[in-house]
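**Q** Have a look at this one.
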Amino acid sequence: MMAPRTVGGFGRSGREGVAVEKDSDDPYLDFRHSMLQMISENEIYSKNDLRELLNCFLQLNSPYHHGAIVRAFTEIWNDFFFVRSKSPRFHFNRKAREF
C-alpha cells in the first residue's frame, strides 16, 4: 500500500487534503463523489479552482482512470455552470406555447 500524499490547498478554504489509494467497483461514481465532496468542503466556486481540482485528480491518478475522471468532471462542470446560468438575471418572460 502506498503512503497517503498531501494535496495543496485551493478554493476559499485553502486547506490541504490527503490523497488515499482506494479500490473501487465503480471508479466514475467514486471520482464524482470525491470531486463533489472536495468542491463542498473547500468552497470551490471559480472556474480556475475547478480546473485546478481537475488537474489535481489527473496528476494523482493513473492515466488508466483519466477517462472516468474527465467524464465525472465534465458532468459536474456542466451542472454547475448550467444551474448558475439559470439565475434570474438571465430569465426571459416567454409565453407558454400552445399545441
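So you can find residues: chains in the C-alpha cells are A, B, ... in the order shown, residues in each start at 1, and ligands are numbered from 1 in order.
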Contacts of segment 59-71 of chain A at 8 Å or less, counting only C-alpha atoms, minus same-chain residues fewer than 5 places along, as a ChimeraX atom specification?
**A** /A:19,27-28,31-32,54
**Q** As a list in words, please: the residues near Lys47 of chain A (cut-off 10 Å, only C-alpha atoms, same-chain neighbours under 4 positions excluded).
**A**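 Listed by chain and then number, they are Arg51, Glu52, Leu53, Trp77, Phe80 and Phe81 of chain A.
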**Q** Just how far from atom CA of Ser24 of chain A is atom CA of Ser40 of chain A, in Å to one decimal?
**A**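 Result for atom CA of Ser40 of chain A versus atom CA of Ser24 of chain A: 22.0 Å, one decimal.
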**Q** Atom CA of Ile76 of chain A to atom CA of Met35 of chain A: how many Å, to one decimal?
**A**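 Computed distance, atom CA of Ile76 of chain A to atom CA of Met35 of chain A, equals 8.4 Å.
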